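Data file: query.cif. Format and content: mmCIF, C-alpha atoms.
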data_query
#
loop_
_atom_site.label_atom_id
_atom_site.label_comp_id
_atom_site.auth_asym_id
_atom_site.auth_seq_id
_atom_site.Cartn_x
_atom_site.Cartn_y
_atom_site.Cartn_z
CA MET Z 1 11.69 9.21 49.68
CA PHE Z 2 13.04 12.75 50.13
CA PHE Z 3 11.24 13.12 53.45
CA VAL Z 4 12.84 9.91 54.73
CA LEU Z 5 16.23 11.26 53.63
CA LEU Z 6 15.55 14.50 55.51
CA ILE Z 7 14.63 12.63 58.70
CA LEU Z 8 17.79 10.51 58.44
CA LEU Z 9 19.94 13.60 57.95
CA LEU Z 10 18.42 15.30 60.97
CA LEU Z 11 19.02 12.19 63.10
CA VAL Z 12 22.66 11.85 61.99
CA ALA Z 13 23.29 15.58 62.50
CA SER Z 14 21.71 15.34 65.96
CA ALA Z 15 24.00 12.44 66.86
CA HIS Z 16 26.99 14.38 65.57
CA VAL Z 17 26.05 17.40 67.70
CA ALA Z 18 25.40 15.21 70.76
CA LEU Z 19 28.93 13.79 70.53
CA ARG Z 20 30.60 17.18 70.05
CA ARG Z 21 32.14 19.10 72.92
CA PRO Z 22 31.79 21.98 73.52
CA ARG Z 23 28.32 22.47 72.07
CA THR Z 24 27.51 26.02 71.06
CA LEU Z 25 24.53 27.37 69.15
CA SER Z 26 26.85 28.45 66.34
CA SER Z 27 28.57 25.07 65.98
CA THR Z 28 25.23 23.26 66.19
CA GLY Z 29 23.74 25.49 63.48
CA THR Z 30 26.79 25.02 61.27
CA THR Z 31 26.69 21.24 61.70
CA PHE Z 32 23.00 21.03 60.79
CA LEU Z 33 23.48 23.42 57.88
CA VAL Z 34 26.33 21.39 56.38
CA TYR Z 35 24.42 18.11 56.80
CA LEU Z 36 21.32 19.60 55.15
CA LEU Z 37 23.26 21.16 52.29
CA VAL Z 38 25.42 18.14 51.49
CA GLY Z 39 22.89 15.44 52.30
CA TYR Z 40 19.77 16.99 50.79
CA CYS Z 41 21.02 19.58 48.32
CA VAL Z 42 24.04 17.77 46.85
CA LEU Z 43 23.67 14.01 46.78
CA PRO Z 44 20.08 13.62 45.56
CA MET Z 45 20.09 16.80 43.49
CA VAL Z 46 23.15 15.71 41.48
CA LEU Z 47 21.20 12.56 40.61
CA VAL Z 48 18.13 14.62 39.69
CA SER Z 49 20.23 16.94 37.51
CA LEU Z 50 22.00 14.09 35.71
CA TRP Z 51 18.68 12.30 35.17
CA SER Z 52 17.23 15.55 33.82
CA LEU Z 53 20.13 15.96 31.40
CA ALA Z 54 20.13 12.33 30.29
CA ARG Z 55 16.36 11.86 30.04
CA PRO Z 56 14.72 15.29 29.73
CA GLU Z 57 11.39 14.00 28.40
CA GLN Z 58 10.93 11.52 31.25
CA THR Z 59 12.00 14.08 33.84
CA ALA Z 60 9.53 16.63 32.49
CA SER Z 61 6.59 14.24 32.70
CA MET Z 62 7.72 12.95 36.12
CA LEU Z 63 7.82 16.53 37.48
CA GLY Z 64 4.54 17.49 35.82
CA PHE Z 65 6.00 19.75 33.12
CA PRO Z 66 5.21 19.52 29.41
CA PRO Z 67 7.92 17.57 27.54
CA GLY Z 68 9.89 19.16 24.74
CA GLY Z 69 12.02 22.27 24.53
CA PRO Z 70 15.25 23.05 26.35
CA PHE Z 71 13.68 23.76 29.75
CA GLN Z 72 14.70 20.43 31.27
CA GLN Z 73 18.31 20.86 30.17
CA PHE Z 74 18.40 24.34 31.77
CA PHE Z 75 16.87 22.80 34.88
CA GLY Z 76 19.49 20.04 34.97
CA VAL Z 77 22.41 22.42 34.55
CA ALA Z 78 21.06 24.81 37.20
CA TYR Z 79 20.55 21.95 39.66
CA LEU Z 80 24.04 20.66 38.99
CA GLY Z 81 25.58 24.11 39.54
CA MET Z 82 23.64 24.66 42.75
CA ALA Z 83 24.64 21.20 43.99
CA ILE Z 84 28.32 21.83 43.26
CA ILE Z 85 28.19 25.09 45.21
CA ALA Z 86 26.60 23.26 48.16
CA LEU Z 87 29.26 20.54 47.88
CA LEU Z 88 31.91 23.11 48.82
CA THR Z 89 30.29 23.90 52.19
CA PRO Z 90 32.17 21.30 54.30
CA PHE Z 91 35.46 22.70 53.02
CA LEU Z 92 34.88 26.46 52.98
CA ARG Z 93 32.36 27.01 55.83
CA ARG Z 94 32.24 30.41 57.56
CA SER Z 95 30.52 33.11 55.50
CA PHE Z 96 30.54 30.87 52.41
CA LEU Z 97 27.59 29.00 53.97
CA ILE Z 98 25.34 31.99 53.36
CA GLY Z 99 25.29 31.64 49.55
CA PRO Z 100 24.34 27.98 49.17
CA ALA Z 101 21.91 28.10 52.11
CA LEU Z 102 20.02 31.12 50.74
CA CYS Z 103 20.11 29.78 47.19
CA TRP Z 104 18.55 26.45 48.14
CA ALA Z 105 16.14 27.99 50.67
CA VAL Z 106 14.79 30.37 48.02
CA PHE Z 107 14.61 27.57 45.46
CA PHE Z 108 12.67 25.21 47.75
CA ALA Z 109 10.38 27.99 49.03
CA GLY Z 110 9.62 28.97 45.44
CA ALA Z 111 9.08 25.33 44.47
CA THR Z 112 6.64 24.99 47.36
CA ALA Z 113 4.63 28.00 46.20
CA ILE Z 114 4.70 26.84 42.57
CA HIS Z 115 3.54 23.32 43.47
CA PHE Z 116 0.74 24.70 45.66
CA ALA Z 117 -0.41 27.08 42.90
CA ASP Z 118 -0.21 24.39 40.20
CA GLU Z 119 -2.15 21.81 42.19
CA SER Z 120 -4.68 24.44 43.22
CA ALA Z 121 -5.19 25.48 39.59
CA HIS Z 122 -5.75 21.84 38.61
CA GLN Z 123 -7.99 21.35 41.66
CA THR Z 124 -5.80 18.49 42.93
CA LEU Z 125 -4.56 20.22 46.07
CA THR Z 126 -5.53 18.10 49.07
CA HIS Z 127 -4.40 18.06 52.67
CA GLY Z 128 -2.19 15.08 51.87
CA SER Z 129 -0.59 16.71 48.84
CA MET Z 130 -0.03 19.92 50.80
CA LEU Z 131 1.72 17.94 53.52
CA ALA Z 132 3.85 16.03 50.98
CA ILE Z 133 4.86 19.24 49.20
CA PHE Z 134 5.72 21.00 52.43
CA ALA Z 135 7.60 17.99 53.84
CA THR Z 136 9.87 17.74 50.78
CA HIS Z 137 10.17 21.40 49.79
CA GLY Z 138 8.94 23.96 52.31
CA LEU Z 139 10.36 22.28 55.39
CA ILE Z 140 13.87 22.16 53.95
CA SER Z 141 13.67 25.94 53.32
CA VAL Z 142 12.65 26.57 56.91
CA LEU Z 143 15.35 24.25 58.29
CA LEU Z 144 18.06 25.81 56.11
CA LEU Z 145 17.15 29.32 57.27
CA ILE Z 146 17.00 28.30 60.95
CA ALA Z 147 20.35 26.51 60.73
CA LEU Z 148 21.87 29.48 58.88
CA ALA Z 149 20.64 31.89 61.55
CA ALA Z 150 21.96 29.64 64.31
CA SER Z 151 25.34 29.25 62.60
CA ARG Z 152 25.92 33.00 62.71
CA ALA Z 153 27.84 32.70 59.43
CA TRP Z 154 27.02 36.31 58.52
CA ARG Z 155 29.19 37.53 61.43
CA GLU Z 156 32.24 36.23 59.58
CA ALA Z 157 31.41 38.01 56.33
#

Could you express the structure from this file as structure tokens?
Amino acid sequence: MFFVLLILLLLVASAHVALRRPRTLSSTGTTFLVYLLVGYCVLPMVLVSLWSLARPEQTASMLGFPPGGPFQQFFGVAYLGMAIIALLTPFLRRSFLIGPALCWAVFFAGATAIHFADESAHQTLTHGSMLAIFATHGLISVLLLIALAASRAWREA
């Protein structure tokens, strides 16, 4: 589901860029970055965070973590905070884009490594699971960093 969302976001951002005049690398990078942050890091992640806060036991088992303890509530609050920060990107732009983009890129890169290590330790890591993990976690990190670099947001810091 998340991979389909990512493809849709990339298509909509591409259409937005195609209709924009003039097209510069910086404006294209900024457009893609805002679409990725709001579409992938806000909308679905707010739902994940609220689900995690409302049903921590179910969320833990769904994500492959042991149920019980406050971990899922910490997870839900952190997700919600990160999503709110990303929600501000269409309004603040410029150098503000650096914070949410790096935050989510590091999170998804770390999640990719953690999923790979966990599945490897349980001997369930297959080519298909590697592809699914990368498509929903690692790829978003790469795309966020490429869009951030193209946006040249650091020049306005």

On this file, the PyMOL selection byres ((chain Z and resi 77) around 12) gives some set of residues; write that set as a ChimeraX atom specification.
/Z:45-54,56,70-76,78-84

May I have the residues within 9 Å of Z:Gly99 as JSON, numbers by chain, using only C-alpha atoms and disregarding those fewer than 4 positions away in the same chain?
{"Z": [85, 86, 95, 103, 104]}

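Separating atom CA of Z:Pro67 from atom CA of Z:Ala111 is a distance of 18.7 Å.
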
- Quick one: distance from atom CA of Z:Gly39 to atom CA of Z:Ala13 in Å, one decimal?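 Separation of atom CA of Z:Gly39 and atom CA of Z:Ala13: 10.2 Å.
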
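With atom CA of Z:Leu43 on one side and atom CA of Z:Thr28 on the other, the separation reads 21.6 Å.
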
Legend entry - Result set, the PyMOL selection byres ((chain Z and resi 140-144) around 12) on current file, as an MDAnalysis selection string: chainID Z and resid 2:3 5:7 9:10 29:41 86 97:113 133:139 145:151

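Near Z:Glu57, within 9 Å and counting all atoms listed in the file, sit Ser52, Arg55, Thr59, Ala60, Ser61, Met62, Pro66, Pro67, Gly68 and Gln72 of chain Z; same-chain residues fewer than 2 positions away were not included.
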
Might you spell out which residues the PyMOL selection byres ((chain Z and resi 129) around 12) would select in the displayed file, as a ChimeraX atom specification?
-> /Z:112,115-120,123-128,130-137
